[in-house]
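Asks: Mind looking over this structure? Questions follow.
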Amino acid sequence: MDIRQLRALVTVAEAGSVTRAAELLHLVQPAVTRQIRALEHELGVALFERTRQGMRPTAAGTTMVERARRALNELERARAEIRPTPRAVTGIVTVGLLDSAGHLLAEPLASAVLRDHPGIDLRLLSAYSGHLQQWLDDGDLDLTLLYNLASTPSLNADPLVREKLWAVAPPSAGLRAERPVPFEEAVSHPLVAPAAGHGLRRVIDAAAAQAGVEMNLLVQTNSMHVQKQLVLAGHGWTILPGVGIAEDVANGSLSAAPLCEPDVWRSIVLGTSRSGRITPAVEVVARELTRRIHSAVHEGRWPS
């Protein structure tokens, strides 16, 4: 197999048709068809099935597309890193940002990298900690923010921030930052909680066990936006990190207070893989992300 075949495979899968893939690759349709057939012949399996909706990868095709996309990405990274640009750091850097902190960090990070290191191709992905860790393990991220993790055989975890979790309620509840809310009181209200298995939910469950209380679970969701939306609609309270609700509290759409009895904390770390070489471009972006976080803390834009 060769790079042209892999590129054809991924493009057909993404475009859903050979005709559209040929347009994107600037090839004639028979050439794309030949590349796919040659790849199928070498592998001994069908990679696509034709449906009324277009070309759909088979189970084998889905596996091959995933691996081919990763191989093409690595080749693209290598090309960017070795492209001769005097005295400039170059390369592709893919960064994972936590949903709760993305709004605070994405724009300052991008502005700094674009201004000081224009040779870096910066790519930002946002998700929950569990998804980000999986993407880092799979090689889809170069570095990422994670929480409540220590270094492991597969990743380095450098501590950055330790922050309290907050009880979040409608404005009518009158919660205030200077009046912490006992954990037992917060979870006695109908609770819009992170879904089971979510990293934040594990922190909350551990606090409930420590306090010896049962939570009044109303709805579980994997979306911080949905948590806030349901609280705003008056369906209950929720628990979130302060950085995720600072703007909502400032504009009066929600009220919030830190939890106490017990205090509930999460620790944010910068995760990088132990399995690959850390390129100069990744080092530059890691330093810049750390600076953006320190600035947000020192300037009071990161609550608790």
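Numbering starts fresh at 1 for the residues of each chain in the structure tokens, the chains themselves are lettered A, B, ... in the order given, and ligands are numbered from 1 as they appear.
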Skip Ala296 (chain A) itself and residues of its chain fewer than 6 positions away, then list as a compact mmCIF listing (two decimals) with C-alpha atoms, in the first residue's frame all residues within 9 Å of it, counting only C-alpha atoms.

Replies:
# COMPACT_ATOMS: atom_id res chain seq x y z
CA LEU A 104 -10.94 31.03 29.54
CA LEU A 105 -7.86 29.60 27.81
CA TRP A 302 -10.02 31.62 37.86

Asks: Per DSSP on the backbone, filter region 73-208 of chain A down to the residues in strand (DSSP E or B) and report them as a CSV table (one decimal) with all heavy atoms, in the first residue's frame.

Replies:
chain,number,residue,atom,x,y,z
A,91,GLY,N,5.7,23.0,13.4
A,91,GLY,CA,5.1,21.7,13.6
A,91,GLY,C,3.7,21.8,14.0
A,91,GLY,O,3.1,22.9,14.3
A,92,ILE,N,3.0,20.7,14.0
A,92,ILE,CA,1.6,20.6,14.4
A,92,ILE,C,1.5,20.2,15.9
A,92,ILE,O,2.2,19.3,16.3
A,92,ILE,CB,0.9,19.5,13.6
A,92,ILE,CG1,0.9,19.8,12.1
A,92,ILE,CG2,-0.6,19.4,14.0
A,92,ILE,CD1,0.5,18.7,11.2
A,93,VAL,N,0.7,21.0,16.6
A,93,VAL,CA,0.5,20.7,18.0
A,93,VAL,C,-1.0,20.7,18.3
A,93,VAL,O,-1.7,21.6,18.0
A,93,VAL,CB,1.1,21.8,18.9
A,93,VAL,CG1,0.9,21.4,20.4
A,93,VAL,CG2,2.6,21.9,18.6
A,94,THR,N,-1.5,19.5,18.8
A,94,THR,CA,-2.9,19.3,19.1
A,94,THR,C,-3.1,19.3,20.6
A,94,THR,O,-2.5,18.5,21.3
A,94,THR,CB,-3.5,18.0,18.5
A,94,THR,OG1,-3.2,18.0,17.1
A,94,THR,CG2,-5.0,18.0,18.7
A,95,VAL,N,-3.9,20.3,21.1
A,95,VAL,CA,-4.0,20.5,22.5
A,95,VAL,C,-5.4,20.2,23.0
A,95,VAL,O,-6.4,20.5,22.3
A,95,VAL,CB,-3.7,22.0,22.9
A,95,VAL,CG1,-3.9,22.2,24.4
A,95,VAL,CG2,-2.4,22.4,22.4
A,96,GLY,N,-5.6,19.5,24.1
A,96,GLY,CA,-6.9,19.2,24.7
A,96,GLY,C,-7.2,20.1,25.8
A,96,GLY,O,-6.3,20.3,26.7
A,97,LEU,N,-8.3,20.8,25.8
A,97,LEU,CA,-8.8,21.7,26.8
A,97,LEU,C,-10.0,21.1,27.5
A,97,LEU,O,-10.9,20.6,26.8
A,97,LEU,CB,-9.1,23.1,26.2
A,97,LEU,CG,-7.9,23.8,25.6
A,97,LEU,CD1,-8.4,25.1,24.9
A,97,LEU,CD2,-6.8,24.1,26.6
A,98,LEU,N,-10.1,21.2,28.8
A,98,LEU,CA,-11.3,20.8,29.5
A,98,LEU,C,-12.4,21.7,29.2
A,98,LEU,O,-12.3,23.0,29.0
A,98,LEU,CB,-11.0,20.9,31.0
A,98,LEU,CG,-10.0,19.9,31.6
A,98,LEU,CD1,-9.6,20.3,33.0
A,98,LEU,CD2,-10.5,18.5,31.6
A,120,ILE,N,3.9,27.4,14.0
A,120,ILE,CA,3.2,26.3,14.7
A,120,ILE,C,1.8,26.2,14.2
A,120,ILE,O,1.0,27.2,14.1
A,120,ILE,CB,3.2,26.4,16.2
A,120,ILE,CG1,4.6,26.3,16.7
A,120,ILE,CG2,2.3,25.4,16.9
A,120,ILE,CD1,4.7,26.5,18.3
A,121,ASP,N,1.4,25.0,13.8
A,121,ASP,CA,0.0,24.7,13.3
A,121,ASP,C,-0.8,24.3,14.6
A,121,ASP,O,-0.7,23.1,15.0
A,121,ASP,CB,0.0,23.7,12.2
A,121,ASP,CG,-1.4,23.4,11.7
A,121,ASP,OD1,-2.4,23.8,12.3
A,121,ASP,OD2,-1.5,22.6,10.7
A,122,LEU,N,-1.5,25.2,15.2
A,122,LEU,CA,-2.2,24.9,16.5
A,122,LEU,C,-3.6,24.3,16.3
A,122,LEU,O,-4.4,24.9,15.5
A,122,LEU,CB,-2.2,26.1,17.4
A,122,LEU,CG,-2.8,26.0,18.8
A,122,LEU,CD1,-2.0,25.1,19.6
A,122,LEU,CD2,-3.0,27.4,19.4
A,123,ARG,N,-3.9,23.2,17.0
A,123,ARG,CA,-5.2,22.6,16.9
A,123,ARG,C,-5.8,22.4,18.3
A,123,ARG,O,-5.1,21.8,19.1
A,123,ARG,CB,-5.1,21.3,16.1
A,123,ARG,CG,-4.5,21.5,14.7
A,123,ARG,CD,-4.3,20.3,13.9
A,123,ARG,NE,-3.7,20.6,12.6
A,123,ARG,CZ,-3.5,19.7,11.6
A,123,ARG,NH1,-3.9,18.4,11.8
A,123,ARG,NH2,-2.9,20.1,10.5
A,124,LEU,N,-6.9,22.9,18.6
A,124,LEU,CA,-7.5,22.9,19.9
A,124,LEU,C,-8.8,22.0,19.9
A,124,LEU,O,-9.7,22.1,19.1
A,124,LEU,CB,-7.9,24.3,20.3
A,124,LEU,CG,-6.8,25.3,20.4
A,124,LEU,CD1,-7.4,26.7,20.8
A,124,LEU,CD2,-5.7,24.9,21.3
A,125,LEU,N,-8.8,21.0,20.8
A,125,LEU,CA,-9.9,20.1,21.0
A,125,LEU,C,-10.4,20.3,22.4
A,125,LEU,O,-9.7,20.4,23.4
A,125,LEU,CB,-9.6,18.7,20.8
A,125,LEU,CG,-9.0,18.3,19.4
A,125,LEU,CD1,-8.7,16.8,19.3
A,125,LEU,CD2,-10.0,18.7,18.3
A,126,SER,N,-11.8,20.3,22.6
A,126,SER,CA,-12.3,20.5,23.9
A,126,SER,C,-13.2,19.3,24.3
A,126,SER,O,-14.0,18.8,23.4
A,126,SER,CB,-13.2,21.8,24.0
A,126,SER,OG,-13.8,22.0,25.2
A,127,ALA,N,-13.1,18.8,25.5
A,127,ALA,CA,-13.9,17.6,25.9
A,127,ALA,C,-13.8,17.5,27.4
A,127,ALA,O,-13.1,18.2,28.1
A,127,ALA,CB,-13.5,16.4,25.2
A,143,LEU,N,-0.7,17.2,24.0
A,143,LEU,CA,-0.7,17.5,25.4
A,143,LEU,C,-2.2,17.9,25.7
A,143,LEU,O,-2.9,18.3,24.8
A,143,LEU,CB,0.2,18.7,25.7
A,143,LEU,CG,-0.1,20.1,25.1
A,143,LEU,CD1,0.4,21.2,26.0
A,143,LEU,CD2,0.5,20.2,23.7
A,144,THR,N,-2.5,17.8,27.0
A,144,THR,CA,-3.9,18.0,27.3
A,144,THR,C,-4.0,18.4,28.8
A,144,THR,O,-3.2,17.9,29.6
A,144,THR,CB,-4.8,16.8,27.0
A,144,THR,OG1,-6.2,17.2,27.3
A,144,THR,CG2,-4.4,15.6,27.9
A,145,LEU,N,-5.0,19.1,29.2
A,145,LEU,CA,-5.4,19.3,30.6
A,145,LEU,C,-6.2,18.1,31.0
A,145,LEU,O,-7.1,17.7,30.3
A,145,LEU,CB,-6.2,20.6,30.7
A,145,LEU,CG,-5.5,21.9,30.4
A,145,LEU,CD1,-6.4,23.1,30.6
A,145,LEU,CD2,-4.2,22.1,31.1
A,146,LEU,N,-5.9,17.6,32.2
A,146,LEU,CA,-6.7,16.5,32.8
A,146,LEU,C,-6.9,16.9,34.3
A,146,LEU,O,-6.3,17.8,34.8
A,146,LEU,CB,-5.9,15.2,32.7
A,146,LEU,CG,-5.5,14.8,31.3
A,146,LEU,CD1,-4.5,13.6,31.3
A,146,LEU,CD2,-6.8,14.3,30.5
A,147,TYR,N,-7.7,16.1,35.0
A,147,TYR,CA,-7.8,16.4,36.4
A,147,TYR,C,-7.8,15.1,37.2
A,147,TYR,O,-8.2,14.1,36.8
A,147,TYR,CB,-8.9,17.4,36.7
A,147,TYR,CG,-10.3,16.9,36.4
A,147,TYR,CD1,-11.1,16.1,37.2
A,147,TYR,CD2,-11.0,17.5,35.3
A,147,TYR,CE1,-12.4,15.7,36.9
A,147,TYR,CE2,-12.3,17.2,35.0
A,147,TYR,CZ,-13.0,16.3,35.8
A,147,TYR,OH,-14.2,15.9,35.4
A,155,LEU,N,1.7,8.3,30.9
A,155,LEU,CA,1.7,9.7,30.7
A,155,LEU,C,2.4,10.4,31.9
A,155,LEU,O,2.5,9.9,33.0
A,155,LEU,CB,0.2,10.2,30.6
A,155,LEU,CG,-0.8,10.0,31.7
A,155,LEU,CD1,-0.6,11.2,32.7
A,155,LEU,CD2,-2.2,10.0,31.2
A,156,ASN,N,2.9,11.6,31.6
A,156,ASN,CA,3.4,12.5,32.6
A,156,ASN,C,2.3,13.5,33.0
A,156,ASN,O,1.5,14.0,32.1
A,156,ASN,CB,4.6,13.4,32.0
A,156,ASN,CG,5.8,12.5,31.7
A,156,ASN,OD1,6.2,11.8,32.5
A,156,ASN,ND2,6.3,12.6,30.5
A,157,ALA,N,2.1,13.8,34.3
A,157,ALA,CA,1.1,14.7,34.7
A,157,ALA,C,1.8,15.7,35.6
A,157,ALA,O,2.2,15.4,36.7
A,157,ALA,CB,0.1,13.9,35.5
A,158,ASP,N,1.8,17.0,35.1
A,158,ASP,CA,2.5,18.1,35.8
A,158,ASP,C,1.4,18.9,36.5
A,158,ASP,O,0.5,19.5,35.8
A,158,ASP,CB,3.3,18.9,34.9
A,158,ASP,CG,4.5,18.2,34.3
A,158,ASP,OD1,5.1,17.4,35.1
A,158,ASP,OD2,4.7,18.3,33.1
A,159,PRO,N,1.3,19.0,37.8
A,159,PRO,CA,0.3,19.8,38.5
A,159,PRO,C,0.3,21.3,38.1
A,159,PRO,O,1.3,21.9,38.0
A,159,PRO,CB,0.6,19.6,40.0
A,159,PRO,CG,1.5,18.4,40.0
A,159,PRO,CD,2.3,18.4,38.8
A,160,LEU,N,-0.9,21.8,37.9
A,160,LEU,CA,-1.1,23.2,37.5
A,160,LEU,C,-2.0,24.0,38.5
A,160,LEU,O,-1.6,25.1,39.0
A,160,LEU,CB,-1.7,23.3,36.1
A,160,LEU,CG,-0.8,22.8,35.0
A,160,LEU,CD1,-1.6,22.9,33.7
A,160,LEU,CD2,0.5,23.6,34.8
A,161,VAL,N,-3.2,23.5,38.8
A,161,VAL,CA,-4.2,24.2,39.6
A,161,VAL,C,-4.9,23.2,40.5
A,161,VAL,O,-5.2,22.1,40.1
A,161,VAL,CB,-5.2,24.9,38.7
A,161,VAL,CG1,-6.3,25.6,39.5
A,161,VAL,CG2,-4.6,25.9,37.7
A,162,ARG,N,-5.2,23.7,41.7
A,162,ARG,CA,-6.1,22.9,42.6
A,162,ARG,C,-7.2,23.9,42.9
A,162,ARG,O,-7.0,25.0,43.4
A,162,ARG,CB,-5.3,22.5,43.9
A,162,ARG,CG,-6.1,21.6,44.8
A,162,ARG,CD,-5.2,21.0,45.8
A,162,ARG,NE,-6.0,20.1,46.8
A,162,ARG,CZ,-6.4,20.5,48.0
A,162,ARG,NH1,-6.1,21.7,48.4
A,162,ARG,NH2,-7.0,19.6,48.7
A,163,GLU,N,-8.4,23.5,42.6
A,163,GLU,CA,-9.6,24.4,42.8
A,163,GLU,C,-10.8,23.7,43.4
A,163,GLU,O,-10.9,22.5,43.3
A,163,GLU,CB,-10.0,24.9,41.4
A,163,GLU,CG,-10.5,23.9,40.4
A,163,GLU,CD,-11.1,24.5,39.2
A,163,GLU,OE1,-11.4,25.7,39.1
A,163,GLU,OE2,-11.2,23.7,38.2
A,164,LYS,N,-11.6,24.5,44.1
A,164,LYS,CA,-12.8,23.9,44.8
A,164,LYS,C,-13.9,23.7,43.8
A,164,LYS,O,-14.0,24.4,42.8
A,164,LYS,CB,-13.3,24.9,45.9
A,164,LYS,CG,-12.5,24.8,47.1
A,164,LYS,CD,-13.1,25.7,48.2
A,164,LYS,CE,-12.4,25.6,49.5
A,164,LYS,NZ,-13.0,26.5,50.6
A,165,LEU,N,-14.8,22.8,44.1
A,165,LEU,CA,-16.1,22.7,43.4
A,165,LEU,C,-17.1,23.5,44.1
A,165,LEU,O,-17.1,23.7,45.3
A,165,LEU,CB,-16.5,21.2,43.3
A,165,LEU,CG,-15.6,20.3,42.5
A,165,LEU,CD1,-16.2,18.9,42.4
A,165,LEU,CD2,-15.2,20.8,41.2
A,166,TRP,N,-18.1,24.0,43.3
A,166,TRP,CA,-19.1,24.9,43.8
A,166,TRP,C,-20.5,24.3,43.6
A,166,TRP,O,-20.8,23.5,42.7
A,166,TRP,CB,-19.1,26.2,43.0
A,166,TRP,CG,-17.9,27.0,43.2
A,166,TRP,CD1,-16.6,26.7,43.2
A,166,TRP,CD2,-17.9,28.5,43.4
A,166,TRP,NE1,-15.8,27.8,43.4
A,166,TRP,CE2,-16.6,28.9,43.6
A,166,TRP,CE3,-18.9,29.4,43.5
A,166,TRP,CZ2,-16.2,30.2,43.8
A,166,TRP,CZ3,-18.6,30.7,43.7
A,166,TRP,CH2,-17.2,31.1,43.9
A,167,ALA,N,-21.4,24.6,44.6
A,167,ALA,CA,-22.8,24.4,44.4
A,167,ALA,C,-23.4,25.4,43.5
A,167,ALA,O,-23.1,26.6,43.7
A,167,ALA,CB,-23.5,24.4,45.8
A,168,VAL,N,-24.2,25.1,42.5
A,168,VAL,CA,-24.7,26.0,41.6
A,168,VAL,C,-26.2,25.9,41.6
A,168,VAL,O,-26.8,24.8,41.5
A,168,VAL,CB,-24.2,25.7,40.2
A,168,VAL,CG1,-24.7,26.7,39.1
A,168,VAL,CG2,-22.6,25.7,40.2
A,169,ALA,N,-26.9,27.0,41.7
A,169,ALA,CA,-28.4,27.1,41.8
A,169,ALA,C,-28.9,28.2,41.0
A,169,ALA,O,-28.2,29.1,40.5
A,169,ALA,CB,-28.7,27.2,43.3
A,181,VAL,N,-21.4,26.5,51.1
A,181,VAL,CA,-22.6,25.7,51.3
A,181,VAL,C,-22.2,24.3,51.7
A,181,VAL,O,-21.4,23.6,51.0
A,181,VAL,CB,-23.5,25.6,50.0
A,181,VAL,CG1,-24.6,24.6,50.2
A,181,VAL,CG2,-24.0,26.9,49.6
A,182,PRO,N,-22.7,23.8,52.9
A,182,PRO,CA,-22.4,22.4,53.2
A,182,PRO,C,-22.8,21.4,52.1
A,182,PRO,O,-23.8,21.5,51.5
A,182,PRO,CB,-23.2,22.2,54.5
A,182,PRO,CG,-23.4,23.5,55.1
A,182,PRO,CD,-23.5,24.4,53.9
A,191,LEU,N,-30.8,17.1,42.1
A,191,LEU,CA,-29.4,17.4,41.6
A,191,LEU,C,-29.3,17.0,40.2
A,191,LEU,O,-29.6,15.9,39.8
A,191,LEU,CB,-28.4,16.6,42.5
A,191,LEU,CG,-26.9,17.0,42.3
A,191,LEU,CD1,-26.7,18.4,42.9
A,191,LEU,CD2,-26.0,16.0,43.0
A,192,VAL,N,-28.8,18.0,39.4
A,192,VAL,CA,-28.5,17.7,38.0
A,192,VAL,C,-27.0,17.3,38.0
A,192,VAL,O,-26.1,18.2,38.2
A,192,VAL,CB,-28.7,18.9,37.1
A,192,VAL,CG1,-28.3,18.6,35.7
A,192,VAL,CG2,-30.2,19.4,37.2
A,193,ALA,N,-26.7,16.1,37.8
A,193,ALA,CA,-25.3,15.6,38.1
A,193,ALA,C,-24.6,15.2,36.8
A,193,ALA,O,-25.3,14.8,35.8
A,193,ALA,CB,-25.4,14.4,39.0
A,194,PRO,N,-23.3,15.2,36.8
A,194,PRO,CA,-22.5,14.6,35.7
A,194,PRO,C,-22.8,13.1,35.7
A,194,PRO,O,-23.1,12.5,36.7
A,194,PRO,CB,-21.1,14.9,36.1
A,194,PRO,CG,-21.1,16.0,37.1
A,194,PRO,CD,-22.4,15.8,37.8

Asks: Given only C-alpha atoms as the basis, pick out the residue of A:Ala88, A:Pro170, A:Ile268, A:Trp135 nearest to Asp116 (chain A).

Replies: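 Under the stated criterion, the closest residue is A:Ala88.
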
Asks: Extract the full set of helix (DSSP H, G or I) residues from region 8-238 of chain A according to DSSP on the backbone, and format it as a PyMOL selection string.

Replies: chain A and resi 8-15+18-25+29-43+59-82+102-116+129-138+171-173+183-188+199-211+224-232

Asks: Using only C-alpha atoms, which residues sit within 8 Å of Ala207 (chain A) once same-chain residues fewer than 4 positions away are excluded, as number ranges by chain?

Replies: A: 183, 203, 211, 262, 264

Asks: For each of A:Thr272, A:Ser17, A:Thr290, A:Gln220, take the minimum atom-to-atom distance to Asp142 (chain A), counting only C-alpha atoms, then give the residue where this is smallest.

Replies: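 With only C-alpha atoms as the atom set, the closest residue is A:Thr272.
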
Asks: Can you tell me how far CA of His117 (chain A) sits from CA of Leu136 (chain A), in Å to one decimal?

Replies: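 Going from CA of His117 (chain A) over to CA of Leu136 (chain A), I get 23.2 Å.
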
Asks: What's around His225 (chain A) at 12 Å? Count only C-alpha atoms, leave out sequence neighbours fewer than 3 positions away in its own chain, and write the answer as a ChimeraX atom specification.

Replies: /A:99-100,127,192-194,221-222,228-232,238,240,244-245,248

Asks: Can I get the selected residues back with N, CA and C atoms, as a compact mmCIF listing (two decimals), in the first residue's frame?

Replies:
# COMPACT_ATOMS: atom_id res chain seq x y z
N ASP A 99 -13.63 21.16 29.04
CA ASP A 99 -14.81 21.94 28.72
C ASP A 99 -15.00 23.11 29.67
N SER A 100 -14.72 22.88 30.94
CA SER A 100 -14.98 23.90 31.95
C SER A 100 -14.04 25.08 31.85
N ALA A 127 -13.12 18.78 25.50
CA ALA A 127 -13.93 17.63 25.92
C ALA A 127 -13.77 17.46 27.43
N VAL A 192 -28.84 17.95 39.38
CA VAL A 192 -28.48 17.69 37.98
C VAL A 192 -27.00 17.34 38.00
N ALA A 193 -26.68 16.07 37.83
CA ALA A 193 -25.31 15.59 38.09
C ALA A 193 -24.61 15.17 36.81
N PRO A 194 -23.28 15.23 36.82
CA PRO A 194 -22.53 14.62 35.71
C PRO A 194 -22.83 13.12 35.65
N THR A 221 -26.12 13.89 33.15
CA THR A 221 -25.78 14.30 31.79
C THR A 221 -24.27 14.38 31.64
N ASN A 222 -23.79 14.26 30.40
CA ASN A 222 -22.36 14.40 30.15
C ASN A 222 -22.02 15.78 29.59
N LYS A 228 -26.04 23.41 33.38
CA LYS A 228 -26.37 24.80 33.68
C LYS A 228 -27.75 25.17 33.14
N GLN A 229 -28.08 24.65 31.97
CA GLN A 229 -29.38 24.96 31.36
C GLN A 229 -30.53 24.46 32.22
N LEU A 230 -30.39 23.23 32.76
CA LEU A 230 -31.47 22.68 33.58
C LEU A 230 -31.58 23.41 34.92
N VAL A 231 -30.46 23.82 35.48
CA VAL A 231 -30.51 24.60 36.71
C VAL A 231 -31.17 25.95 36.45
N LEU A 232 -30.81 26.59 35.37
CA LEU A 232 -31.39 27.88 35.02
C LEU A 232 -32.89 27.78 34.84
N THR A 238 -26.77 21.96 40.83
CA THR A 238 -25.72 21.12 40.27
C THR A 238 -24.41 21.44 40.97
N LEU A 240 -20.29 22.17 40.02
CA LEU A 240 -19.35 22.42 38.94
C LEU A 240 -18.13 23.15 39.49
N GLY A 244 -15.99 27.13 35.59
CA GLY A 244 -17.01 26.84 34.58
C GLY A 244 -18.26 27.68 34.70
N ILE A 245 -18.43 28.39 35.84
CA ILE A 245 -19.66 29.16 36.04
C ILE A 245 -19.39 30.62 36.40
N ASP A 248 -21.43 33.06 34.33
CA ASP A 248 -22.86 32.95 34.61
C ASP A 248 -23.20 33.64 35.93

Asks: Can you list, as a list in words, every protein, DNA or RNA residue that comes within 9 Å of region 52-61 of chain A when you count only C-alpha atoms, leaving out same-chain residues fewer than 5 positions away?

Replies: Leu9, Val12, Ala13, Ala15, Gly16, Ser17, Val18, Val45, Ala46, Leu47 and Glu66 of chain A

Asks: Which of these residues is nearest to Leu200 (chain A), using only C-alpha atoms: A:Arg67, A:His235, A:Arg77, A:Arg266?

Replies: A:Arg266

Asks: What does the structure give for the distance between CA of Arg202 (chain A) and CA of Trp265 (chain A), in Å to one decimal?

Replies: 11.5 Å

Asks: Which is closest to Arg176 (chain A) among A:Ala257, A:Ala208, A:Ala21, A:Leu43, if we use only C-alpha atoms?

Replies: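 Closest to Arg176 (chain A) of all the choices is A:Ala257.
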
Asks: May I have the residues within 12 Å of Arg287 (chain A) as a list of chain:residue names, using only C-alpha atoms and disregarding those fewer than 4 positions away in the same chain?

Replies: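 Residues near the query, excluding close chain neighbours: A:Leu109, A:Ala112, A:Val113, A:Leu143, A:Asp158, A:Leu160, A:Leu270, A:Pro280, A:Ala281, A:Val282, A:Glu283, A:Arg291, A:Arg292, A:Ile293, A:His294.
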
Asks: Select, from A:Pro303, A:Gly139, A:Pro171, A:Gly252, the residue with the minimum atom-to-atom distance to Glu74 (chain A), counting only C-alpha atoms.

Replies: A:Gly139

Asks: When you draw a straight line from CA of Arg274 (chain A) to CA of Ile3 (chain A), how long is it in Å?

Replies: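 Computed distance, CA of Arg274 (chain A) to CA of Ile3 (chain A), equals 27.6 Å.
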
Asks: Taking into account only C-alpha atoms, which residue in the set A:Ser275, A:Ser154, A:Ser111, A:Thr33 is nearest to Glu288 (chain A)?

Replies: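 Ranking A:Ser275, A:Ser154, A:Ser111, A:Thr33 by distance to Glu288 (chain A), first place goes to A:Ser111.
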